[in-house]
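Pasted below: run.txt, compact mmCIF, C-alpha atoms.
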```
# COMPACT_ATOMS: atom_id res chain seq x y z
CA MET A 1 124.75 99.55 89.00
CA ALA A 2 126.55 99.11 85.67
CA LEU A 3 126.29 101.84 83.07
CA PHE A 4 126.09 99.21 80.35
CA SER A 5 126.28 95.50 79.85
CA THR A 6 127.06 93.35 76.88
CA THR A 7 124.92 90.52 75.63
CA ALA A 8 125.06 87.98 72.87
CA THR A 9 124.24 89.52 69.50
CA LYS A 10 120.92 87.69 69.14
CA VAL A 11 119.50 88.61 72.57
CA ASN A 12 116.26 90.58 72.41
CA ASP A 13 116.30 93.93 74.25
CA ARG A 14 113.35 92.85 76.40
CA LYS A 15 115.47 90.07 77.95
CA CYS A 16 117.91 92.72 79.22
CA PHE A 17 115.24 94.87 80.84
CA PRO A 18 116.00 95.83 84.47
CA GLU A 19 114.10 94.31 87.38
CA ILE A 20 110.70 96.02 87.72
CA ALA A 21 111.30 96.67 91.44
CA SER A 22 114.31 98.85 90.52
CA LEU A 23 112.13 101.26 88.50
CA VAL A 24 110.47 103.05 91.42
CA GLY A 25 110.43 106.77 90.56
CA LYS A 26 112.32 106.24 87.27
CA LEU A 27 111.18 107.23 83.79
CA ILE A 28 111.53 104.68 81.00
CA ILE A 29 111.13 106.05 77.48
CA PHE A 30 110.52 103.17 75.08
CA ASP A 31 110.97 102.91 71.38
CA LEU A 32 107.90 101.97 69.38
CA GLY A 33 107.21 98.27 69.71
CA TYR A 34 109.57 97.38 72.61
CA TRP A 35 106.89 97.00 75.24
CA GLY A 36 103.66 95.26 76.06
CA TYR A 37 100.71 96.32 78.19
CA GLY A 38 101.79 93.92 80.95
CA LEU A 39 105.16 95.69 81.19
CA LEU A 40 103.53 99.15 81.32
CA MET A 41 101.14 97.95 84.02
CA ALA A 42 104.04 96.49 86.04
CA ILE A 43 106.01 99.77 85.81
CA ASP A 44 102.94 101.71 86.91
CA THR A 45 102.31 99.31 89.81
CA VAL A 46 105.77 100.00 91.32
CA ASN A 47 105.31 103.79 90.86
CA GLY A 48 107.68 103.98 87.93
CA PHE A 49 106.97 106.12 84.88
CA PHE A 50 106.88 105.34 81.18
CA LEU A 51 106.46 107.06 77.85
CA SER A 52 106.31 105.43 74.45
CA ARG A 53 104.95 105.84 70.98
CA VAL A 54 102.05 103.58 70.16
CA LYS A 55 100.99 102.03 66.92
CA THR A 56 97.77 103.26 65.38
CA ASN A 57 96.36 99.73 65.71
CA ALA A 58 96.88 99.72 69.50
CA ALA A 59 94.23 97.77 71.40
CA PHE A 60 92.67 100.08 73.92
CA ILE A 61 89.28 101.62 74.55
CA ILE A 62 88.74 105.37 74.93
CA LYS A 63 87.37 105.94 78.44
CA LYS A 64 87.58 109.72 78.85
CA VAL A 65 88.30 112.55 76.43
CA ASN A 66 90.55 115.28 77.83
CA LYS A 67 91.30 117.43 74.79
CA GLY A 68 90.94 117.76 71.04
CA MET A 69 88.13 115.33 70.23
CA SER A 70 84.43 114.84 70.76
CA PRO A 71 83.19 112.96 73.84
CA ARG A 72 81.17 110.77 71.46
CA TYR A 73 84.35 108.69 71.01
CA VAL A 74 84.15 107.41 74.60
CA GLY A 75 83.72 103.63 74.55
CA LYS A 76 85.19 103.26 71.04
CA LYS A 77 88.26 101.23 70.09
CA PHE A 78 91.22 103.47 69.30
CA SER A 79 92.25 101.28 66.37
CA SER A 80 88.89 101.72 64.66
CA LEU A 81 89.10 105.53 64.49
CA LYS A 82 90.61 107.85 61.90
CA PHE A 83 92.07 111.09 63.20
CA ASN A 84 92.47 114.12 61.00
CA ARG A 85 93.72 117.45 62.24
CA LYS A 86 90.51 119.39 62.67
CA ARG A 87 90.51 120.86 66.15
CA GLY A 88 94.14 121.38 67.05
CA LYS A 89 97.61 119.99 67.33
CA ILE A 90 97.02 117.82 70.39
CA ILE A 91 94.49 115.12 71.19
CA GLU A 92 94.43 113.65 74.68
CA PHE A 93 92.30 110.93 76.21
CA VAL A 94 92.40 108.18 78.82
CA GLY A 95 92.60 104.73 77.29
CA GLU A 96 91.88 101.41 78.98
CA VAL A 97 94.32 98.60 78.29
CA THR A 98 93.82 94.96 79.17
CA HIS A 99 96.44 92.30 79.77
CA LYS A 100 95.73 88.78 81.00
CA GLY A 101 92.33 89.76 82.36
CA GLU A 102 93.57 92.86 84.21
CA SER A 103 92.94 96.37 83.00
CA ALA A 104 94.54 99.75 83.60
CA MET A 105 93.95 103.32 82.46
CA PHE A 106 96.72 105.37 80.86
CA ARG A 107 96.94 108.71 79.10
CA VAL A 108 97.11 108.60 75.32
CA ILE A 109 98.30 111.74 73.57
CA GLY A 110 98.33 112.50 69.86
CA CYS A 111 100.65 115.24 68.58
CA TRP A 112 100.10 116.48 65.06
CA ASN A 113 103.13 116.18 62.76
CA PRO A 114 102.67 118.79 60.03
CA SER A 115 105.36 117.42 57.71
CA GLU A 116 103.92 113.88 57.77
CA LYS A 117 100.33 115.15 58.03
CA HIS A 118 99.26 112.72 60.73
CA PHE A 119 99.32 112.33 64.51
CA HIS A 120 102.13 110.67 66.42
CA TRP A 121 100.58 108.79 69.33
CA TYR A 122 102.09 108.35 72.79
CA ILE A 123 101.06 106.37 75.86
CA THR A 124 102.19 107.42 79.33
CA ASN A 125 101.42 107.49 83.01
CA LEU A 126 103.13 110.88 83.44
CA THR A 127 100.99 113.73 84.73
CA VAL A 128 102.87 116.49 82.90
CA SER A 129 101.21 118.75 80.36
CA ALA A 130 100.43 117.04 77.05
CA THR A 131 102.52 119.67 75.23
CA ILE A 132 105.67 118.36 76.97
CA ILE A 133 105.19 114.73 75.88
CA TYR A 134 106.47 115.21 72.31
CA SER A 135 109.58 117.04 73.55
CA LEU A 136 110.30 114.34 76.13
CA TYR A 137 110.04 111.58 73.55
CA ARG A 138 112.20 113.55 71.16
CA ILE A 139 115.03 113.46 73.73
CA ARG A 140 115.02 109.65 73.48
CA TRP A 141 115.43 109.92 69.73
CA GLN A 142 118.35 112.34 70.10
CA ILE A 143 120.12 109.89 72.42
CA GLU A 144 119.56 107.10 69.90
CA LEU A 145 121.10 109.26 67.16
CA ILE A 146 124.14 109.92 69.36
CA PHE A 147 124.66 106.18 69.89
CA LYS A 148 124.29 105.53 66.18
CA SER A 149 126.82 108.24 65.36
CA CYS A 150 129.30 106.86 67.91
CA LYS A 151 128.96 103.35 66.52
CA GLN A 152 129.72 104.64 63.02
CA SER A 153 132.52 107.00 64.09
CA PHE A 154 134.31 104.33 66.12
CA ASN A 155 133.64 101.55 63.61
CA LEU A 156 131.56 99.71 66.18
CA ASP A 157 128.68 99.10 63.82
CA GLN A 158 130.39 95.85 62.77
CA LYS A 159 129.60 92.64 64.58
CA LEU A 160 132.03 92.29 67.46
CA ALA A 161 133.82 88.95 67.60
CA SER A 162 133.40 88.47 71.35
CA ASN A 163 130.92 88.60 74.21
CA ASN A 164 133.74 89.14 76.70
CA ASP A 165 133.28 92.52 78.42
CA ASN A 166 137.05 93.11 78.70
CA ILE A 167 137.66 92.48 75.01
CA ILE A 168 134.75 94.68 73.95
CA GLU A 169 135.85 97.48 76.29
CA SER A 170 139.40 97.23 74.89
CA LEU A 171 138.10 97.37 71.30
CA VAL A 172 136.00 100.44 72.10
CA ILE A 173 138.95 102.21 73.77
CA CYS A 174 141.24 101.34 70.84
CA SER A 175 138.64 102.68 68.38
CA ILE A 176 138.37 105.93 70.35
CA ILE A 177 142.17 106.33 70.44
CA ALA A 178 142.48 105.57 66.71
```

Encoding of this model in structure tokens:
Amino acid sequence: MALFSTTATKVNDRKCFPEIASLVGKLIIFDLGYWGYGLLMAIDTVNGFFLSRVKTNAAFIIKKVNKGMSPRYVGKKFSSLKFNRKRGKIIEFVGEVTHKGESAMFRVIGCWNPSEKHFHWYITNLTVSATIIYSLYRIRWQIELIFKSCKQSFNLDQKLASNNDNIIESLVICSIIA
């Protein structure tokens, strides 16, 4: 399996996503907005794992409250609710998502961000403690910052003039040497 691959500059990340069957037992940590419910359901079906931020207008129904909110919210649409920090730093519930007539249940976890004064919301099928979710997602962000720094340091943030893997690899090596 390749560690990386090159694509045309206008190719959407979703078109480069690995085959679902190859995700058995693997954890995919998505950036906000790079997934759909069908993709999450497919990963779950093959016993893969996922974690992503969700938008506050996400379309799912609260099916079971696990922590940090009243059970009276069961049956309500997530997007119709306003969450203020009243009971703690973490809210956790099971949300039902629907895609093309099929539905699935996934954990939804809200972690209070004191500097922004609102919750950051995550969706996952992991069974780890809710307190670990924020830290796990933060690792993805740190990796993204490393890539961004490397692109700037090696002057790779410019558009490369080729889609040829050999030319791109040579340019990267030359930038590292320089």

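Nearest-residue note for A:Arg107: choosing from A:Lys26, A:Arg140, A:Lys15, A:Lys67, the minimum distance belongs to A:Lys67, counting all atoms listed in the file.
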
Minimum-distance residue to A:Val97, chosen among A:His120, A:Lys151, A:Lys77, A:Arg72 (using only C-alpha atoms): A:Lys77

If we count only C-alpha atoms, what is near A:Asn113 at a cut-off of 10 Å, once residues fewer than 5 positions away on the same chain are taken out, given as a PDB file with C-alpha atoms, in the coordinates of the input?
```pdb
ATOM      1  CA  ARG A  85      93.720 117.450  62.240  1.00  0.00           C
ATOM      2  CA  LYS A  89      97.610 119.990  67.330  1.00  0.00           C
ATOM      3  CA  ILE A  90      97.020 117.820  70.390  1.00  0.00           C
ATOM      4  CA  HIS A 118      99.260 112.720  60.730  1.00  0.00           C
ATOM      5  CA  PHE A 119      99.320 112.330  64.510  1.00  0.00           C
ATOM      6  CA  HIS A 120     102.130 110.670  66.420  1.00  0.00           C
TER       7      HIS A 120
END
```

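Minimum distance to A:Gly48 across A:Ile20, A:Val108, A:Ile61, A:Leu145 (counting all atoms listed in the file) occurs at A:Ile20.
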
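Applying the 12 Å criterion to (105.0, 97.9, 90.9) in file coordinates and using only C-alpha atoms, one obtains the residues Glu19, Ile20, Ala21, Ser22, Leu23, Val24, Gly25, Lys26, Gly38, Leu39, Leu40, Met41, Ala42, Ile43, Asp44, Thr45, Val46, Asn47, Gly48 and Phe49 of chain A.
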
Coordinates-based distance that separates atom CA of A:Asn66 from atom CA of A:Val128 (Å, one decimal): 13.4 Å

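Atom to atom, atom CA of A:Tyr122 and atom CA of A:Tyr34 stand 13.3 Å apart.
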
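Nearest residue to A:Tyr137 among A:Cys150, A:Ile62, A:Leu51, A:Leu171 is A:Leu51, counting only C-alpha atoms.
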
Would you pick out the contacts of A:Leu32 at 9 Å or less, using only C-alpha atoms, so that residues sharing its chain but fewer than 6 positions from it are not included, and give the list as a ChimeraX atom specification? /A:52-55

Save out the residues we just selected, C-alpha atoms, as an mmCIF file, keeping the file's coordinate frame.
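Final output, again_1.cif:
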```cif
data_model
loop_
_atom_site.group_PDB
_atom_site.id
_atom_site.type_symbol
_atom_site.label_atom_id
_atom_site.label_comp_id
_atom_site.auth_asym_id
_atom_site.auth_seq_id
_atom_site.Cartn_x
_atom_site.Cartn_y
_atom_site.Cartn_z
ATOM 1 C CA SER A 52 106.310 105.430 74.450
ATOM 2 C CA ARG A 53 104.950 105.840 70.980
ATOM 3 C CA VAL A 54 102.050 103.580 70.160
ATOM 4 C CA LYS A 55 100.990 102.030 66.920
#
```

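Closest approach to A:Asn57 from the set A:Ser115, A:Asn166, A:Ser70, A:Ser80 is made by A:Ser80, with distances taken over only C-alpha atoms.
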
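Atom CA of A:Thr56 to atom CA of A:Ile143 spans 24.4 Å [interatomic distance, one decimal].
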
Rank nothing, just name the residue among A:Gly110, A:Ile177, A:Gly101, A:Tyr134 nearest to A:Met69, using all atoms listed in the file. A:Gly110

Please, which residues are within 12 Å of (87.2, 104.5, 78.9) by the file's coordinates, counting only C-alpha atoms, and could they come as a ChimeraX atom specification? /A:60-66,71-78,93-98,103-108

Where atoms are lacking, stretch 97-126 of chain A completed to N, CA and C atoms, as an mmCIF file, keeping the file's coordinate frame:
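Output file rebuild-v8.cif follows:
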```cif
data_model
loop_
_atom_site.group_PDB
_atom_site.id
_atom_site.type_symbol
_atom_site.label_atom_id
_atom_site.label_comp_id
_atom_site.auth_asym_id
_atom_site.auth_seq_id
_atom_site.Cartn_x
_atom_site.Cartn_y
_atom_site.Cartn_z
ATOM 1 N N VAL A 97 93.599 99.724 78.862
ATOM 2 C CA VAL A 97 94.320 98.600 78.290
ATOM 3 C C VAL A 97 94.034 97.363 79.120
ATOM 4 N N THR A 98 94.079 96.216 78.482
ATOM 5 C CA THR A 98 93.820 94.960 79.170
ATOM 6 C C THR A 98 94.942 93.985 78.870
ATOM 7 N N HIS A 99 95.398 93.314 79.925
ATOM 8 C CA HIS A 99 96.440 92.300 79.770
ATOM 9 C C HIS A 99 96.151 91.166 80.744
ATOM 10 N N LYS A 100 95.993 89.978 80.201
ATOM 11 C CA LYS A 100 95.730 88.780 81.000
ATOM 12 C C LYS A 100 94.588 88.986 82.001
ATOM 13 N N GLY A 101 93.513 89.575 81.530
ATOM 14 C CA GLY A 101 92.330 89.760 82.360
ATOM 15 C C GLY A 101 92.358 90.960 83.287
ATOM 16 N N GLU A 102 93.485 91.650 83.379
ATOM 17 C CA GLU A 102 93.570 92.860 84.210
ATOM 18 C C GLU A 102 93.576 94.081 83.312
ATOM 19 N N SER A 103 92.966 95.158 83.806
ATOM 20 C CA SER A 103 92.940 96.370 83.000
ATOM 21 C C SER A 103 93.533 97.544 83.770
ATOM 22 N N ALA A 104 93.972 98.534 83.014
ATOM 23 C CA ALA A 104 94.540 99.750 83.600
ATOM 24 C C ALA A 104 94.218 100.909 82.664
ATOM 25 N N MET A 105 94.238 102.107 83.224
ATOM 26 C CA MET A 105 93.950 103.320 82.460
ATOM 27 C C MET A 105 95.239 104.140 82.333
ATOM 28 N N PHE A 106 95.546 104.551 81.103
ATOM 29 C CA PHE A 106 96.720 105.370 80.860
ATOM 30 C C PHE A 106 96.366 106.515 79.913
ATOM 31 N N ARG A 107 97.149 107.573 79.998
ATOM 32 C CA ARG A 107 96.940 108.710 79.100
ATOM 33 C C ARG A 107 97.454 108.351 77.707
ATOM 34 N N VAL A 108 96.698 108.750 76.708
ATOM 35 C CA VAL A 108 97.110 108.600 75.320
ATOM 36 C C VAL A 108 97.069 110.000 74.714
ATOM 37 N N ILE A 109 98.171 110.379 74.086
ATOM 38 C CA ILE A 109 98.300 111.740 73.570
ATOM 39 C C ILE A 109 98.716 111.671 72.107
ATOM 40 N N GLY A 110 97.997 112.393 71.278
ATOM 41 C CA GLY A 110 98.330 112.500 69.860
ATOM 42 C C GLY A 110 98.871 113.883 69.579
ATOM 43 N N CYS A 111 100.037 113.951 68.966
ATOM 44 C CA CYS A 111 100.650 115.240 68.580
ATOM 45 C C CYS A 111 100.713 115.291 67.058
ATOM 46 N N TRP A 112 100.150 116.330 66.503
ATOM 47 C CA TRP A 112 100.100 116.480 65.060
ATOM 48 C C TRP A 112 101.489 116.732 64.502
ATOM 49 N N ASN A 113 101.867 115.975 63.462
ATOM 50 C CA ASN A 113 103.130 116.180 62.760
ATOM 51 C C ASN A 113 102.807 116.806 61.413
ATOM 52 N N PRO A 114 103.081 118.110 61.254
ATOM 53 C CA PRO A 114 102.670 118.790 60.030
ATOM 54 C C PRO A 114 103.394 118.301 58.780
ATOM 55 N N SER A 115 104.647 117.865 58.910
ATOM 56 C CA SER A 115 105.360 117.420 57.710
ATOM 57 C C SER A 115 104.851 116.061 57.231
ATOM 58 N N GLU A 116 104.444 115.190 58.156
ATOM 59 C CA GLU A 116 103.920 113.880 57.770
ATOM 60 C C GLU A 116 102.393 113.877 57.645
ATOM 61 N N LYS A 117 101.773 114.952 58.100
ATOM 62 C CA LYS A 117 100.330 115.150 58.030
ATOM 63 C C LYS A 117 99.544 114.025 58.723
ATOM 64 N N HIS A 118 100.007 113.646 59.893
ATOM 65 C CA HIS A 118 99.260 112.720 60.730
ATOM 66 C C HIS A 118 99.723 112.868 62.176
ATOM 67 N N PHE A 119 98.982 112.260 63.088
ATOM 68 C CA PHE A 119 99.320 112.330 64.510
ATOM 69 C C PHE A 119 100.361 111.278 64.859
ATOM 70 N N HIS A 120 101.259 111.636 65.755
ATOM 71 C CA HIS A 120 102.130 110.670 66.420
ATOM 72 C C HIS A 120 101.484 110.418 67.771
ATOM 73 N N TRP A 121 101.303 109.153 68.118
ATOM 74 C CA TRP A 121 100.580 108.790 69.330
ATOM 75 C C TRP A 121 101.528 108.301 70.405
ATOM 76 N N TYR A 122 101.264 108.705 71.639
ATOM 77 C CA TYR A 122 102.090 108.350 72.790
ATOM 78 C C TYR A 122 101.208 107.814 73.912
ATOM 79 N N ILE A 123 101.745 106.873 74.674
ATOM 80 C CA ILE A 123 101.060 106.370 75.860
ATOM 81 C C ILE A 123 101.963 106.620 77.048
ATOM 82 N N THR A 124 101.381 107.060 78.163
ATOM 83 C CA THR A 124 102.190 107.420 79.330
ATOM 84 C C THR A 124 101.358 107.358 80.597
ATOM 85 N N ASN A 125 102.069 107.320 81.708
ATOM 86 C CA ASN A 125 101.420 107.490 83.010
ATOM 87 C C ASN A 125 101.934 108.765 83.681
ATOM 88 N N LEU A 126 102.658 109.588 82.928
ATOM 89 C CA LEU A 126 103.130 110.880 83.440
ATOM 90 C C LEU A 126 101.955 111.843 83.577
#
```
